[in-house]
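Peer 1: Have a look at the structure that comes next, please.
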Amino acid sequence: MPLRSLGHRAPLLWLVLPYAVGLAVSKTAHGLPPSICLFVAAAGLLIAGAAWQSRRVWAIALLTAMVAAGAASYTLHRARLPDWTNLPPREARLGLQVEYAFARVYENRSTGLATVIRADPHLQDLLGQRVYFSLRDAAEGATALRSAQLETIGVLELLPENPPKNTFEGYLASAGMNFTLTRGAILTVTRPPTAFREFCDAMAGKFALMLETGTAGKRPELTGVFRAMLLGQKDELNEEQDSLFMRSGTMHLFAISGLHIGVIAAGIHAFLSLLRVPRLPKLVIGLTLLWLYVQITGGTPSAVRAFTMVALFQLTLQLRLPGNPVSALATAALLVLMVDPLQLFSASFQMSYGIVASLLLYGLPLGETWLARWPPFPRLPQNTWRWWHWRIAALWRWFLTIVAIGVASIIFSVVAGVEYFGLFTPGALLANLVLVPTAMIVILAGMGSLICGLTGFALGSALCNHAALLLLWLMDEGIRRFVTVPGVYHVAMFKAEWIGPVVFAILLGALLWGYLRRWQGLRATWWLPPGIVVVALIFGVNFV
């Protein structure tokens, strides 16, 4: 019996995979000449167009063109300035366009990411460069918000080209930052943020207040977790909570990503369906509200990626096209990398797309295979089933699917945990099997609180908040006891920097190979991805 989750075609993988290879090659080579790469890309496309009847020539030419395009894209977007390599830090007065503002840790200091739009004559080569800034607020009290333009002064320092991945400098480099501007101040705000950005900032503040309606001051540590989960404000977590969620492998619950966007999208869809909104307006209104939520919560790359996936999926349903999640994943990845290719090297991109790919290529087929191999009541014809037979069968199907998805997610998250957090968390599978469904209920409760708050129904908002805090208390207590169990987590790191990326690439190749073979042939095919992870852990990881 063929599996429904197999057989999906994703022709855009011919573009996104070689493009990603080109980005990785150029990064490893510290940037390749973009002019040569673009010439090779153009030549490859011309050859592919001329030789479209020869499948082999067409494939080789297209793959070469995309690899060259990726290599050129990395160099152009990284935009390193060789003349600054050996220069010491210096004072600089710069005009900045704020791209992203971090949560405020200190009352009179703004931090974020920005692009240089003005510079003194001797610093004109900095125009267009992206910088991380940490500066005192302006004298008039104006702070840095997204889209605002600032006049600043501070100490400008060049970031290392390839800093360690699990450091803040590594995060900045993966975001395309080349410089830091610190130990200075915002002189003035030359242009205030746009009305839309001010609206998003104001709504974020209102949402934060709504999420503590009826609970203000009672359990501030749980309210902080609630806001972190709903609004992505991870600064609300204290050091102990941060450590607990990291060691249990559940820190992903506090980044606005696929889980949050998917649950919010489902909630919006259900709410609009209750109001009997027609199909097309429901799509437009739903995506608009979801986009507003993404922007109000900061517009982080992980949230934008998740929104892209949801939008593609809902558009497919609206057009009544056959569901193809693998193609939707490839399309979303290609769109994201075309806009911001450096996201490929960020932990959030690799974890989100890697885990989703593992779920689609491995987890869902594995769950269906288990169900076909161990069906409920195999010797009893279905037309003789009673109501309780159907209930048990549905529960069994749900259980096998959840376990298969958990196995698939842990395959990638184990490697990512060692690579980016220096932790091996074998207990994450069990923790996520319990906490992910609980977190989904908390997110829905938070959504209910926001809807009630926006409509002025304070009592409903308070009830939702109390329900969410009760679940968060249970989660918190459960995690505190769980991490004390021996073997739940271990401090670990790869023996060499290249091992992690190579394991990621091999693992992705194994998933694609198994999916194309419909996970048939070799008896050990299903064990290949977990086997790769086990071999990497045994021979490539140092456990502390």
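Convention: chains lettered A, B, ... in structure tokens order; per-chain residue numbering from 1; ligands numbered from 1 as shown.
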Near stretch 156-159 of chain A, counting only C-alpha atoms, which residues have an atom at most 8 Å away, once you skip same-chain residues fewer than 4 positions from it, shown as a ChimeraX atom specification?

Peer 2: /A:84-85,88-92,169,173,177-182

Peer 1: DSSP on the backbone, strand (DSSP E) only: what residues of stretch 34-123 of chain A does that give? Format it as a VMD selection string.

Peer 2: chain A and resid 90 to 101 109 to 119

Peer 1: Go ahead and write the selection's residues with C-alpha atoms as a CSV table (one decimal), in the first residue's frame.

Peer 2:
```
chain,number,residue,atom,x,y,z
A,90,ARG,CA,38.3,54.0,15.9
A,91,GLU,CA,35.8,56.6,16.8
A,92,ALA,CA,33.2,57.2,14.1
A,93,ARG,CA,30.2,59.4,13.6
A,94,LEU,CA,27.6,57.6,11.5
A,95,GLY,CA,24.1,57.9,10.3
A,96,LEU,CA,22.2,54.6,10.8
A,97,GLN,CA,19.0,53.1,9.5
A,98,VAL,CA,17.7,50.8,12.2
A,99,GLU,CA,16.7,47.3,10.9
A,100,TYR,CA,16.0,45.6,14.2
A,101,ALA,CA,15.9,46.7,17.8
A,109,ARG,CA,20.6,52.0,26.3
A,110,SER,CA,19.4,50.9,22.8
A,111,THR,CA,20.8,48.0,21.0
A,112,GLY,CA,20.1,46.5,17.6
A,113,LEU,CA,21.1,46.0,14.0
A,114,ALA,CA,21.4,48.8,11.4
A,115,THR,CA,22.7,49.9,8.0
A,116,VAL,CA,25.1,52.8,7.6
A,117,ILE,CA,23.5,55.5,5.5
A,118,ARG,CA,25.7,58.5,6.3
A,119,ALA,CA,29.4,58.8,7.2
```

Peer 1: As a list in words, please: the residues near stretch 359-365 of chain A (cut-off 6 Å, only C-alpha atoms, same-chain neighbours under 2 positions excluded).

Peer 2: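 My reading of the contact set: Ser5, Val356, Ala357, Gly367, Glu368, Ala404, Ile405, Ala408 and Tyr515 of chain A.
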
Peer 1: Rank A:Ala439, A:Pro341, A:Tyr293, A:Asn324 by their smallest atom-to-atom distance to A:Ala10, using only C-alpha atoms, and report the top residue only.

Peer 2: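 Checking each of A:Ala439, A:Pro341, A:Tyr293, A:Asn324 against A:Ala10, counting only C-alpha atoms, the winner is A:Asn324.
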
Peer 1: Any idea what's packed within 9 Å of stretch 276-288 of chain A, counting only C-alpha atoms, ignoring anything in its chain fewer than 5 positions away? Could you give it as a PyMOL selection string?

Peer 2: chain A and resi 265+268-269+271+293+307+310-311+314-315+318

Peer 1: Just list as number ranges by chain whatever in stretch 228-302 of chain A DSSP marks as alpha helix (DSSP H).

Peer 2: A: 228-231, 239-247, 258-274, 279-296, 301-302

Peer 1: Next, dump the selected residues to file, keeping only N, CA and C atoms, as a compact mmCIF listing (two decimals), in the first residue's frame.

Peer 2:
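As a result, again36.txt now contains:
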```txt
# COMPACT_ATOMS: atom_id res chain seq x y z
N ALA A 228 7.31 35.56 26.94
CA ALA A 228 8.37 35.05 26.08
C ALA A 228 7.79 34.11 25.02
N MET A 229 6.83 33.28 25.42
CA MET A 229 6.25 32.31 24.50
C MET A 229 5.35 32.96 23.47
N LEU A 230 4.58 33.97 23.87
CA LEU A 230 3.62 34.60 22.96
C LEU A 230 4.22 35.72 22.13
N LEU A 231 5.16 36.46 22.70
CA LEU A 231 5.70 37.65 22.03
C LEU A 231 7.17 37.49 21.66
N GLU A 239 17.91 33.78 34.29
CA GLU A 239 19.02 32.89 33.96
C GLU A 239 18.69 31.44 34.30
N GLU A 240 18.00 31.21 35.42
CA GLU A 240 17.66 29.85 35.81
C GLU A 240 16.70 29.22 34.81
N GLN A 241 15.67 29.97 34.37
CA GLN A 241 14.73 29.45 33.40
C GLN A 241 15.41 29.18 32.07
N ASP A 242 16.27 30.10 31.66
CA ASP A 242 17.00 29.92 30.41
C ASP A 242 17.81 28.63 30.44
N SER A 243 18.48 28.38 31.56
CA SER A 243 19.29 27.17 31.70
C SER A 243 18.42 25.92 31.69
N LEU A 244 17.28 25.96 32.38
CA LEU A 244 16.40 24.80 32.45
C LEU A 244 15.89 24.41 31.07
N PHE A 245 15.39 25.39 30.32
CA PHE A 245 14.84 25.09 29.00
C PHE A 245 15.93 24.67 28.03
N MET A 246 17.13 25.21 28.19
CA MET A 246 18.24 24.81 27.32
C MET A 246 18.62 23.37 27.58
N ARG A 247 18.74 22.98 28.86
CA ARG A 247 19.18 21.63 29.20
C ARG A 247 18.12 20.58 28.86
N GLY A 258 7.85 28.16 13.65
CA GLY A 258 6.80 27.38 13.01
C GLY A 258 5.69 26.96 13.95
N LEU A 259 6.05 26.52 15.17
CA LEU A 259 5.02 26.08 16.12
C LEU A 259 4.06 27.22 16.43
N HIS A 260 4.60 28.38 16.79
CA HIS A 260 3.76 29.52 17.17
C HIS A 260 2.91 30.01 16.00
N ILE A 261 3.56 30.21 14.86
CA ILE A 261 2.84 30.74 13.70
C ILE A 261 1.77 29.76 13.25
N GLY A 262 2.10 28.45 13.27
CA GLY A 262 1.11 27.46 12.88
C GLY A 262 -0.09 27.45 13.80
N VAL A 263 0.15 27.51 15.12
CA VAL A 263 -0.96 27.51 16.08
C VAL A 263 -1.78 28.78 15.94
N ILE A 264 -1.12 29.93 15.83
CA ILE A 264 -1.85 31.20 15.68
C ILE A 264 -2.65 31.20 14.38
N ALA A 265 -2.05 30.68 13.30
CA ALA A 265 -2.77 30.62 12.01
C ALA A 265 -4.01 29.74 12.12
N ALA A 266 -3.86 28.58 12.80
CA ALA A 266 -5.01 27.70 12.98
C ALA A 266 -6.08 28.36 13.84
N GLY A 267 -5.66 29.09 14.87
CA GLY A 267 -6.62 29.79 15.71
C GLY A 267 -7.37 30.87 14.96
N ILE A 268 -6.64 31.65 14.14
CA ILE A 268 -7.29 32.69 13.34
C ILE A 268 -8.27 32.08 12.35
N HIS A 269 -7.85 30.98 11.71
CA HIS A 269 -8.71 30.30 10.75
C HIS A 269 -10.00 29.81 11.42
N ALA A 270 -9.86 29.21 12.61
CA ALA A 270 -11.05 28.73 13.32
C ALA A 270 -11.96 29.88 13.73
N PHE A 271 -11.36 30.99 14.19
CA PHE A 271 -12.15 32.14 14.62
C PHE A 271 -12.92 32.73 13.44
N LEU A 272 -12.26 32.87 12.29
CA LEU A 272 -12.94 33.42 11.11
C LEU A 272 -14.00 32.45 10.58
N SER A 273 -13.75 31.15 10.73
CA SER A 273 -14.75 30.16 10.30
C SER A 273 -16.00 30.26 11.17
N LEU A 274 -15.82 30.49 12.49
CA LEU A 274 -16.98 30.66 13.37
C LEU A 274 -17.80 31.88 12.97
N ARG A 279 -14.60 32.18 1.87
CA ARG A 279 -13.30 31.53 1.69
C ARG A 279 -12.18 32.52 1.33
N LEU A 280 -12.37 33.32 0.27
CA LEU A 280 -11.31 34.24 -0.17
C LEU A 280 -11.06 35.35 0.85
N PRO A 281 -12.11 36.05 1.34
CA PRO A 281 -11.83 37.05 2.38
C PRO A 281 -11.19 36.46 3.63
N LYS A 282 -11.54 35.21 3.95
CA LYS A 282 -10.92 34.57 5.11
C LYS A 282 -9.42 34.40 4.90
N LEU A 283 -9.02 34.05 3.68
CA LEU A 283 -7.59 33.92 3.38
C LEU A 283 -6.89 35.26 3.53
N VAL A 284 -7.46 36.30 2.94
CA VAL A 284 -6.83 37.63 2.96
C VAL A 284 -6.77 38.17 4.39
N ILE A 285 -7.89 38.10 5.10
CA ILE A 285 -7.93 38.62 6.48
C ILE A 285 -7.01 37.80 7.37
N GLY A 286 -7.05 36.48 7.22
CA GLY A 286 -6.21 35.63 8.06
C GLY A 286 -4.73 35.90 7.88
N LEU A 287 -4.28 35.99 6.63
CA LEU A 287 -2.86 36.25 6.38
C LEU A 287 -2.47 37.66 6.82
N THR A 288 -3.38 38.61 6.67
CA THR A 288 -3.09 39.98 7.12
C THR A 288 -2.90 40.03 8.63
N LEU A 289 -3.83 39.39 9.36
CA LEU A 289 -3.70 39.36 10.82
C LEU A 289 -2.44 38.60 11.25
N LEU A 290 -2.13 37.53 10.55
CA LEU A 290 -0.93 36.76 10.90
C LEU A 290 0.32 37.57 10.64
N TRP A 291 0.34 38.33 9.53
CA TRP A 291 1.50 39.18 9.23
C TRP A 291 1.65 40.28 10.28
N LEU A 292 0.53 40.84 10.72
CA LEU A 292 0.60 41.85 11.77
C LEU A 292 1.18 41.25 13.05
N TYR A 293 0.77 40.04 13.39
CA TYR A 293 1.32 39.39 14.58
C TYR A 293 2.82 39.20 14.45
N VAL A 294 3.27 38.78 13.27
CA VAL A 294 4.71 38.60 13.03
C VAL A 294 5.46 39.90 13.23
N GLN A 295 4.90 40.99 12.69
CA GLN A 295 5.58 42.29 12.79
C GLN A 295 5.52 42.85 14.21
N ILE A 296 4.40 42.66 14.90
CA ILE A 296 4.28 43.17 16.26
C ILE A 296 5.25 42.45 17.19
N PRO A 301 13.59 36.70 11.74
CA PRO A 301 13.68 35.84 10.55
C PRO A 301 12.94 34.53 10.69
N SER A 302 12.98 33.91 11.88
CA SER A 302 12.28 32.64 12.06
C SER A 302 10.78 32.81 11.89
```

Peer 1: Between A:Leu81, A:Arg227, A:Ala458, A:Leu17, which one has atoms that come closest to A:Gly509, using only C-alpha atoms?

Peer 2: A:Leu17

Peer 1: Quick one, how far is atom CA of A:Leu329 from atom CA of A:Gly249?

Peer 2: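 About the pair atom CA of A:Leu329 and atom CA of A:Gly249: they are 24.0 Å apart.
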
Peer 1: With distances taken over only C-alpha atoms, which residue among A:Val414, A:Leu430, A:Leu15, A:Met251 lies nearest A:Leu337?

Peer 2: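 Of A:Val414, A:Leu430, A:Leu15, A:Met251, the one nearest A:Leu337, counting only C-alpha atoms, is A:Leu15.
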
Peer 1: If you measure from atom CA of A:Gly417 to atom CA of A:Val434, what distance in Å do you get, rounded to one decimal?

Peer 2: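 Between atom CA of A:Gly417 and atom CA of A:Val434 the gap is 19.3 Å.
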
Peer 1: Can you tell me, as an MDAnalysis selection string, what residues are no more than 12 Å from A:Ala416 when counting only C-alpha atoms, ignoring any on the same chain fewer than 3 positions away?

Peer 2: chainID A and resid 165:166 249 252 346:355 409:413 419:425 492:494 499:504 507 533 537

Peer 1: Keeping only N, CA and C atoms, write those residues as a compact mmCIF listing (two decimals), in the first residue's frame.

Peer 2:
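The result, written out as out-v3.txt:
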```
# COMPACT_ATOMS: atom_id res chain seq x y z
N LYS A 165 30.41 29.73 16.08
CA LYS A 165 28.97 29.79 15.84
C LYS A 165 28.17 30.00 17.12
N ASN A 166 28.66 29.47 18.24
CA ASN A 166 27.87 29.53 19.47
C ASN A 166 28.18 30.76 20.31
N GLY A 249 16.21 20.80 26.24
CA GLY A 249 16.02 20.79 24.79
C GLY A 249 14.71 21.39 24.35
N HIS A 252 13.33 26.02 22.03
CA HIS A 252 12.66 26.44 20.80
C HIS A 252 11.23 26.90 21.04
N SER A 346 22.66 30.70 9.85
CA SER A 346 22.14 30.97 11.19
C SER A 346 21.60 29.68 11.80
N ALA A 347 21.68 29.60 13.11
CA ALA A 347 21.18 28.41 13.81
C ALA A 347 19.68 28.25 13.60
N SER A 348 18.92 29.35 13.63
CA SER A 348 17.47 29.24 13.52
C SER A 348 17.05 28.71 12.15
N PHE A 349 17.73 29.16 11.08
CA PHE A 349 17.40 28.66 9.73
C PHE A 349 17.68 27.17 9.63
N GLN A 350 18.86 26.77 10.05
CA GLN A 350 19.24 25.36 9.92
C GLN A 350 18.35 24.47 10.77
N MET A 351 18.02 24.92 11.96
CA MET A 351 17.19 24.09 12.83
C MET A 351 15.75 24.03 12.32
N SER A 352 15.19 25.18 11.93
CA SER A 352 13.79 25.18 11.51
C SER A 352 13.60 24.40 10.22
N TYR A 353 14.41 24.70 9.19
CA TYR A 353 14.24 24.00 7.93
C TYR A 353 14.73 22.56 8.03
N GLY A 354 15.78 22.32 8.80
CA GLY A 354 16.27 20.96 8.96
C GLY A 354 15.24 20.08 9.65
N ILE A 355 14.64 20.59 10.72
CA ILE A 355 13.64 19.79 11.45
C ILE A 355 12.40 19.57 10.60
N SER A 409 12.31 14.75 14.57
CA SER A 409 12.79 16.05 15.03
C SER A 409 14.07 15.93 15.84
N ILE A 410 14.17 14.86 16.64
CA ILE A 410 15.35 14.71 17.49
C ILE A 410 16.58 14.43 16.66
N ILE A 411 16.41 13.84 15.46
CA ILE A 411 17.56 13.53 14.60
C ILE A 411 18.34 14.80 14.29
N PHE A 412 17.63 15.86 13.90
CA PHE A 412 18.32 17.11 13.56
C PHE A 412 18.64 17.93 14.80
N SER A 413 17.73 17.95 15.77
CA SER A 413 17.94 18.81 16.92
C SER A 413 19.11 18.35 17.78
N GLU A 419 26.11 21.43 18.04
CA GLU A 419 26.78 22.42 17.20
C GLU A 419 26.64 23.83 17.74
N TYR A 420 25.45 24.21 18.19
CA TYR A 420 25.19 25.61 18.52
C TYR A 420 25.10 25.89 20.02
N PHE A 421 24.79 24.88 20.82
CA PHE A 421 24.61 25.13 22.25
C PHE A 421 25.56 24.34 23.12
N GLY A 422 26.35 23.46 22.52
CA GLY A 422 27.30 22.68 23.31
C GLY A 422 26.63 21.72 24.26
N LEU A 423 25.42 21.24 23.89
CA LEU A 423 24.66 20.33 24.74
C LEU A 423 24.13 19.16 23.93
N PHE A 424 24.25 17.96 24.50
CA PHE A 424 23.62 16.77 23.95
C PHE A 424 22.44 16.45 24.86
N THR A 425 21.23 16.51 24.30
CA THR A 425 20.02 16.40 25.11
C THR A 425 19.18 15.20 24.68
N ALA A 492 28.56 18.79 25.61
CA ALA A 492 29.23 18.12 24.49
C ALA A 492 29.61 19.13 23.42
N MET A 493 30.63 18.82 22.65
CA MET A 493 31.04 19.68 21.54
C MET A 493 31.75 18.83 20.49
N PHE A 494 31.63 19.25 19.24
CA PHE A 494 32.31 18.53 18.16
C PHE A 494 33.82 18.70 18.28
N ILE A 499 33.02 19.37 11.52
CA ILE A 499 32.25 18.14 11.67
C ILE A 499 30.75 18.42 11.67
N GLY A 500 30.31 19.45 12.41
CA GLY A 500 28.88 19.76 12.47
C GLY A 500 28.27 20.03 11.10
N PRO A 501 28.80 20.98 10.31
CA PRO A 501 28.22 21.23 8.98
C PRO A 501 28.25 20.00 8.07
N VAL A 502 29.33 19.21 8.15
CA VAL A 502 29.41 18.01 7.31
C VAL A 502 28.33 17.00 7.70
N VAL A 503 28.09 16.83 9.02
CA VAL A 503 27.05 15.91 9.47
C VAL A 503 25.68 16.40 9.01
N PHE A 504 25.44 17.71 9.09
CA PHE A 504 24.18 18.27 8.60
C PHE A 504 23.99 17.92 7.12
N LEU A 507 23.39 14.17 6.58
CA LEU A 507 22.07 13.80 7.08
C LEU A 507 20.98 14.24 6.12
N VAL A 533 23.61 9.92 12.87
CA VAL A 533 23.72 10.72 14.09
C VAL A 533 24.50 9.97 15.16
N LEU A 537 27.99 11.10 16.89
CA LEU A 537 28.14 11.29 18.34
C LEU A 537 29.29 10.45 18.90
```
